[in-house]
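Q: Just dropping this structure here.
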Amino acid sequence: MQTMPAHRFRFYLLPGFSLHGFSAALEVLRLANGLAGERYAWTTVSEDGTAVRSGCGMRMAVDGALSDAREAGRGGAGPCTVVICGGDDVPPASTGLTIWLRSCHQQRMSLAGLAGGVYALARAGLLEGRRAAVHWRHFPDFSERFPEARASQAAFEIDGTLQTCAGGPAAFDMLLRQVEADCGRTVANRICEIGLAERVRAPGERQRLPLQTRIGIDNPVLIEMIAQMEAGMAEPLPLASLCAQSRLSRRQVERLFRQEMGLSPARYYVEMRLERAYLLLSHSSLTMIEIAIACGFGSPSHFSRTYRSHYGCTPQQTRQAEAERRRGCAQAGEAWQIRPLRKVARSA
């Protein structure tokens, strides 16, 4: 039997990378080798070749530095895929990484971004007009920074030689598609069975729970209205427009929201936009003006007043507190995660 050349993977680990996503991707390749022969080989890379701390605080030793990967890429034989492994945080820009990714693209290598790793691909200019799966917490910030990319809140996307996933178990699905293309559906199904994955997800499938599960309602009219609200954050839809599309009167819509959500539709819409603002404050470097516009507020002052009334602190205080907490976690070697704010309690 003819021996196929190994498909090489280079996993570039960004600081704070998702250990869950990285290990899920590796597990697919490991299981594929066990079922179909040594089809895959992999190495790990960091910018300077030193160990990288993951999002959960565990340090991961690597096989080499970015300079080593560049040199190895010049004379490598067989197919090669470069996977940029990120995590919950927006990674800092790296000129060396950008240059390497552009070089890999010119050599027709496959490129993949895992969780926050999608930012590295976008900064290299490789996602213009291309589909890209972006984690829902990154999505508001990413969409503002890179409007030329066709960002989606899918679990993973495959657009030619570019692959992106939101992280976590979506990395398993993304790599499984590669194995299926190389080794066939039977091997992919066996990997699912061994890995206790119930099915092979398709590119473009949703990453978040369905609305009815996420907010605990079953009313199809209300679900559709909330979905429209989520789609119109920057330019909030008037209540009259939502009522017209639902074929309900304003009074019926008001009553429906109060019965199911305990809030008026206007208040629910505002709180939804404030939640997005909190994600941007905690997870992006956008200015207050940019965040106000992205969340549908007419001015920074209006945004600040509404935010403070709801959360009991200003947007600037939230950003400062999250930055200090992130620095504290980094010094202690702990994982940094977004912590939801509690809104100000109001008397009935």
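Chain labels A, B, ... are given in the sequence in which chains occur in the structure tokens; within each chain residues are numbered consecutively from 1, and ligands are likewise numbered from 1 in the order shown.
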At most 6 Å is the cut-off: for each residue in segment 23-130 of chain A with any atom that close to an atom of segment 7-15 of chain A, write down the nearest atom pair and the distance in Å rounded to one decimal, counting only C-alpha atoms, chain first then increasing number, as a tab-separated table.
A:
```
residue	atom	partner	partner_atom	distance
A:Tyr40	CA	A:His7	CA	4.8
A:Ala41	CA	A:Arg8	CA	4.9
A:Trp42	CA	A:Phe9	CA	4.5
A:Thr43	CA	A:Arg10	CA	5.1
A:Thr44	CA	A:Phe11	CA	4.7
A:Val45	CA	A:Tyr12	CA	4.6
A:Ser46	CA	A:Leu13	CA	5.5
A:Val52	CA	A:Pro15	CA	5.8
A:Arg53	CA	A:Pro15	CA	5.8
A:Pro79	CA	A:His7	CA	5.1
A:Cys80	CA	A:Arg8	CA	4.7
A:Thr81	CA	A:Phe9	CA	4.9
A:Val82	CA	A:Arg10	CA	4.8
A:Val83	CA	A:Phe11	CA	4.8
A:Ile84	CA	A:Tyr12	CA	4.9
A:Cys85	CA	A:Leu13	CA	5.1
A:Gly86	CA	A:Leu14	CA	5.3
```
Q: If you run DSSP on the backbone, which residues of segment 88-296 of chain A are alpha helix (DSSP H), as an MDAnalysis selection string?
A: chainID A and resid 95:106 118:123 139:145 170:183 185:194 211:214 220:231 239:246 250:261 265:283 288:294
Q: Find, counting only C-alpha atoms, the residue in A:Glu38, A:Arg70, A:Gly129, A:Tyr269 that gets nearest to Gln107 of chain A.
A: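 For Gln107 of chain A, the nearest of the given residues is A:Arg70.
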Q: Using DSSP on the backbone, list every residue of segment 36-265 of chain A that comes out as strand (DSSP E), and give them as a VMD selection string.
A: chain A and resid 40 to 46 52 to 53 59 to 60 64 to 65 80 to 85 110 to 114 131 to 133 150 to 152 156 to 159 162 to 165
Q: Kindly export the residues of the current selection with C-alpha atoms, as a short mmCIF file (atom, residue, chain, number, x, y, z; two decimals), in the first residue's frame.
A:
```
data_model
loop_
_atom_site.label_atom_id
_atom_site.label_comp_id
_atom_site.auth_asym_id
_atom_site.auth_seq_id
_atom_site.Cartn_x
_atom_site.Cartn_y
_atom_site.Cartn_z
CA TYR A 40 -1.07 13.66 10.31
CA ALA A 41 1.87 15.22 12.10
CA TRP A 42 1.91 18.38 14.18
CA THR A 43 4.17 20.83 15.96
CA THR A 44 3.49 23.72 18.29
CA VAL A 45 4.89 27.21 17.90
CA SER A 46 5.03 30.42 19.93
CA VAL A 52 2.68 29.87 26.56
CA ARG A 53 0.12 30.27 29.33
CA ARG A 59 1.60 26.65 30.70
CA MET A 60 2.22 24.75 27.46
CA GLY A 64 9.86 26.03 18.41
CA ALA A 65 9.72 29.73 17.70
CA CYS A 80 0.44 21.97 5.55
CA THR A 81 -2.15 23.77 7.68
CA VAL A 82 -1.33 26.59 10.08
CA VAL A 83 -3.74 26.96 13.00
CA ILE A 84 -3.69 30.16 15.07
CA CYS A 85 -4.98 29.21 18.52
CA SER A 110 -4.37 26.21 4.50
CA LEU A 111 -4.89 28.66 7.36
CA ALA A 112 -7.19 28.31 10.35
CA GLY A 113 -8.19 30.58 13.21
CA LEU A 114 -9.42 29.17 16.51
CA ARG A 131 -16.70 33.91 5.61
CA ALA A 132 -15.38 33.82 9.17
CA ALA A 133 -16.85 32.21 12.29
CA ARG A 150 -18.18 38.22 6.28
CA ALA A 151 -18.31 37.48 10.00
CA SER A 152 -20.95 35.11 11.34
CA PHE A 156 -17.18 27.09 12.26
CA GLU A 157 -16.78 28.17 8.65
CA ILE A 158 -14.73 26.83 5.75
CA ASP A 159 -14.10 29.23 2.87
CA LEU A 162 -9.39 29.48 5.16
CA GLN A 163 -11.03 27.85 8.17
CA THR A 164 -12.30 29.55 11.31
CA CYS A 165 -14.09 28.35 14.41
#
```
Q: I'd like to know which of A:Leu286, A:Thr98, A:Glu271, A:Pro140 is closest to Ser309 of chain A, using only C-alpha atoms.
A: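 Among the listed residues, A:Glu271 lies closest to Ser309 of chain A.
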Q: Rank nothing, just name the residue among A:Gly195, A:Pro236, A:Pro220, A:Gly16 nearest to Leu31 of chain A, using only C-alpha atoms.
A: A:Gly195
Q: With only C-alpha atoms as the atoms that count, which of A:Glu180, A:Glu47, A:Asp173, A:Glu290 lies nearest to Gly96 of chain A?
A: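 Residue with the minimum atom-to-atom distance to Gly96 of chain A: A:Glu47.
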Q: Can you tell me how far atom CA of Met174 of chain A sits from atom CA of Leu66 of chain A, in Å to one decimal?
A: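 Atom-to-atom, atom CA of Met174 of chain A and atom CA of Leu66 of chain A are spaced 23.9 Å apart.
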Q: With only C-alpha atoms as the atoms that count, which of A:Ser18, A:Gln259, A:Thr95, A:Ser284 lies nearest to Arg123 of chain A?
A: A:Thr95
Q: Extract, using only C-alpha atoms, all DNA, RNA and protein residues at most 9 Å from Ser23 of chain A, discarding same-chain residues fewer than 5 positions from it, and format them as a list in words.
A: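 Near neighbours after the sequence-gap exclusion: Ser18, Val28, Gly168, Ala171 and Phe172 of chain A.
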Q: Just to be explicit: take each residue in the selection above, keep C-alpha atoms, and write the result as a JSON list (two decimals), in the first residue's frame.
A:
```json
[["chain", "number", "residue", "atom", "x", "y", "z"],
["A", 18, "SER", "CA", -8.15, 28.04, 24.70],
["A", 28, "VAL", "CA", -9.25, 14.59, 16.07],
["A", 168, "GLY", "CA", -14.24, 24.94, 22.26],
["A", 171, "ALA", "CA", -12.50, 23.03, 16.88],
["A", 172, "PHE", "CA", -13.33, 19.32, 16.95]]
```
Q: Find, counting only C-alpha atoms, the residue in A:Phe257, A:Trp100, A:Tyr278, A:Phe17 that gets nearest to Asp141 of chain A.
A: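 Looking at the shortest contact to Asp141 of chain A, the residue is A:Tyr278.
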Q: What's around Ala124 of chain A at 7 Å? Count only C-alpha atoms, leave out sequence neighbours fewer than 3 positions away in its own chain, and write the answer as a short mmCIF file (atom, residue, chain, number, x, y, z; two decimals) with N, CA and C atoms, in the first residue's frame.
A:
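Listed below is the output, result-v5.cif:
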```
data_model
loop_
_atom_site.label_atom_id
_atom_site.label_comp_id
_atom_site.auth_asym_id
_atom_site.auth_seq_id
_atom_site.Cartn_x
_atom_site.Cartn_y
_atom_site.Cartn_z
N THR A 98 1.85 38.45 11.40
CA THR A 98 1.15 38.93 10.19
C THR A 98 1.95 38.60 8.93
N LEU A 101 1.82 34.82 8.21
CA LEU A 101 0.53 34.37 7.68
C LEU A 101 0.38 34.76 6.21
N ARG A 102 0.82 35.95 5.86
CA ARG A 102 0.74 36.36 4.46
C ARG A 102 1.64 35.49 3.58
N ALA A 120 -5.94 37.41 14.13
CA ALA A 120 -4.65 37.40 13.43
C ALA A 120 -4.85 37.28 11.93
N LEU A 121 -5.79 36.44 11.50
CA LEU A 121 -6.07 36.29 10.07
C LEU A 121 -6.62 37.59 9.50
#
```
